[in-house]
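To start, the structure itself, in structure tokens.
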Amino acid sequence: MATHCVTRLRFALNDEKKVDVDALESIDIVKGSFSTNGQFQVIIGQGTVDKVYKAMVQETGFQRPQRMK
């Protein structure tokens, strides 16, 4: 599952060890990433994260959580 806040994408991952953090953080719009409270978070920034989230939902076809619709 993935959600977002004002500045970050938030993922509930089954195995965070599979994340290629170096590749992820080499993407220009990614400012950083970290894991806390069972969520892997990708810092993107205000104003951009919503666009990235919408594109990700469209590309992957997964459903948004009910509170995000």
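By order in the structure tokens, chains are A, B, ...; within a chain, residues start at 1; ligands start at 1, following the order shown.
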Surrounding residues of region 24-36 of chain A excluding itself and chain neighbours under 4 positions, 10 Å, only C-alpha atoms, as a ChimeraX atom specification: /A:7-12,16,19-20,40-45,48-49,52
Which is closer to Cys5 (chain A) than all the others in A:Asn37, A:Ala23, A:Lys17, A:Asp50, using only C-alpha atoms? A:Asp50
Correct to one decimal, the distance CA of Ala55 (chain A)-CA of Val21 (chain A) is 20.5 Å
Identify all residues of region 1-67 of chain A in strand (DSSP E or B) (DSSP on the backbone) and supply them as a PyMOL selection string. chain A and resi 2-4+8-11+32-36+39-43
Run DSSP on the backbone and tell me which residues of chain A come out as alpha helix (DSSP H); list them as JSON, numbers by chain. {"A": [21, 22, 23, 24, 25, 49, 50, 51, 52, 53, 54, 55, 56, 57, 58, 59, 60]}
Produce a file of the selected residues containing N, CA, C and O atoms, as a PDB file, in the first residue's frame.
ATOM      1  N   VAL A  21      18.035   1.726  -2.417  1.00  0.00           N
ATOM      2  CA  VAL A  21      18.034   3.097  -1.912  1.00  0.00           C
ATOM      3  C   VAL A  21      18.941   3.998  -2.749  1.00  0.00           C
ATOM      4  O   VAL A  21      18.586   5.140  -3.043  1.00  0.00           O
ATOM      5  N   ASP A  22      20.096   3.509  -3.148  1.00  0.00           N
ATOM      6  CA  ASP A  22      21.010   4.322  -3.962  1.00  0.00           C
ATOM      7  C   ASP A  22      20.365   4.721  -5.287  1.00  0.00           C
ATOM      8  O   ASP A  22      20.446   5.878  -5.702  1.00  0.00           O
ATOM      9  N   ALA A  23      19.720   3.770  -5.947  1.00  0.00           N
ATOM     10  CA  ALA A  23      19.047   4.069  -7.220  1.00  0.00           C
ATOM     11  C   ALA A  23      17.881   5.026  -6.989  1.00  0.00           C
ATOM     12  O   ALA A  23      17.692   5.973  -7.747  1.00  0.00           O
ATOM     13  N   LEU A  24      17.127   4.790  -5.936  1.00  0.00           N
ATOM     14  CA  LEU A  24      15.992   5.647  -5.614  1.00  0.00           C
ATOM     15  C   LEU A  24      16.449   7.084  -5.368  1.00  0.00           C
ATOM     16  O   LEU A  24      15.903   8.032  -5.923  1.00  0.00           O
ATOM     17  N   GLU A  25      17.474   7.239  -4.561  1.00  0.00           N
ATOM     18  CA  GLU A  25      17.934   8.577  -4.203  1.00  0.00           C
ATOM     19  C   GLU A  25      18.735   9.253  -5.315  1.00  0.00           C
ATOM     20  O   GLU A  25      19.038  10.436  -5.209  1.00  0.00           O
ATOM     21  N   VAL A  49       4.877  15.935  -4.761  1.00  0.00           N
ATOM     22  CA  VAL A  49       4.529  14.594  -4.286  1.00  0.00           C
ATOM     23  C   VAL A  49       3.136  14.175  -4.748  1.00  0.00           C
ATOM     24  O   VAL A  49       2.928  13.019  -5.107  1.00  0.00           O
ATOM     25  N   ASP A  50       2.177  15.081  -4.780  1.00  0.00           N
ATOM     26  CA  ASP A  50       0.823  14.726  -5.211  1.00  0.00           C
ATOM     27  C   ASP A  50       0.810  14.301  -6.677  1.00  0.00           C
ATOM     28  O   ASP A  50       0.157  13.323  -7.042  1.00  0.00           O
ATOM     29  N   LYS A  51       1.559  14.994  -7.509  1.00  0.00           N
ATOM     30  CA  LYS A  51       1.647  14.637  -8.930  1.00  0.00           C
ATOM     31  C   LYS A  51       2.307  13.275  -9.108  1.00  0.00           C
ATOM     32  O   LYS A  51       1.865  12.456  -9.923  1.00  0.00           O
ATOM     33  N   VAL A  52       3.363  13.021  -8.355  1.00  0.00           N
ATOM     34  CA  VAL A  52       4.068  11.739  -8.431  1.00  0.00           C
ATOM     35  C   VAL A  52       3.150  10.610  -7.966  1.00  0.00           C
ATOM     36  O   VAL A  52       3.069   9.556  -8.592  1.00  0.00           O
ATOM     37  N   TYR A  53       2.426  10.833  -6.876  1.00  0.00           N
ATOM     38  CA  TYR A  53       1.516   9.818  -6.352  1.00  0.00           C
ATOM     39  C   TYR A  53       0.430   9.481  -7.370  1.00  0.00           C
ATOM     40  O   TYR A  53       0.146   8.314  -7.631  1.00  0.00           O
ATOM     41  N   LYS A  54      -0.181  10.503  -7.957  1.00  0.00           N
ATOM     42  CA  LYS A  54      -1.235  10.270  -8.951  1.00  0.00           C
ATOM     43  C   LYS A  54      -0.704   9.500 -10.155  1.00  0.00           C
ATOM     44  O   LYS A  54      -1.356   8.583 -10.657  1.00  0.00           O
ATOM     45  N   ALA A  55       0.490   9.840 -10.617  1.00  0.00           N
ATOM     46  CA  ALA A  55       1.095   9.119 -11.744  1.00  0.00           C
ATOM     47  C   ALA A  55       1.403   7.676 -11.359  1.00  0.00           C
ATOM     48  O   ALA A  55       1.200   6.755 -12.151  1.00  0.00           O
ATOM     49  N   MET A  56       1.873   7.464 -10.134  1.00  0.00           N
ATOM     50  CA  MET A  56       2.186   6.116  -9.666  1.00  0.00           C
ATOM     51  C   MET A  56       0.917   5.264  -9.599  1.00  0.00           C
ATOM     52  O   MET A  56       0.913   4.111 -10.028  1.00  0.00           O
ATOM     53  N   VAL A  57      -0.173   5.836  -9.100  1.00  0.00           N
ATOM     54  CA  VAL A  57      -1.449   5.116  -9.036  1.00  0.00           C
ATOM     55  C   VAL A  57      -1.905   4.740 -10.439  1.00  0.00           C
ATOM     56  O   VAL A  57      -2.324   3.610 -10.691  1.00  0.00           O
ATOM     57  N   GLN A  58      -1.789   5.678 -11.366  1.00  0.00           N
ATOM     58  CA  GLN A  58      -2.216   5.415 -12.745  1.00  0.00           C
ATOM     59  C   GLN A  58      -1.349   4.337 -13.395  1.00  0.00           C
ATOM     60  O   GLN A  58      -1.855   3.450 -14.079  1.00  0.00           O
ATOM     61  N   GLU A  59      -0.046   4.390 -13.191  1.00  0.00           N
ATOM     62  CA  GLU A  59       0.868   3.426 -13.807  1.00  0.00           C
ATOM     63  C   GLU A  59       0.744   2.024 -13.219  1.00  0.00           C
ATOM     64  O   GLU A  59       0.826   1.040 -13.941  1.00  0.00           O
ATOM     65  N   THR A  60       0.564   1.939 -11.910  1.00  0.00           N
ATOM     66  CA  THR A  60       0.543   0.630 -11.257  1.00  0.00           C
ATOM     67  C   THR A  60      -0.843   0.006 -11.203  1.00  0.00           C
ATOM     68  O   THR A  60      -0.967  -1.204 -11.085  1.00  0.00           O
TER      69      THR A  60
END
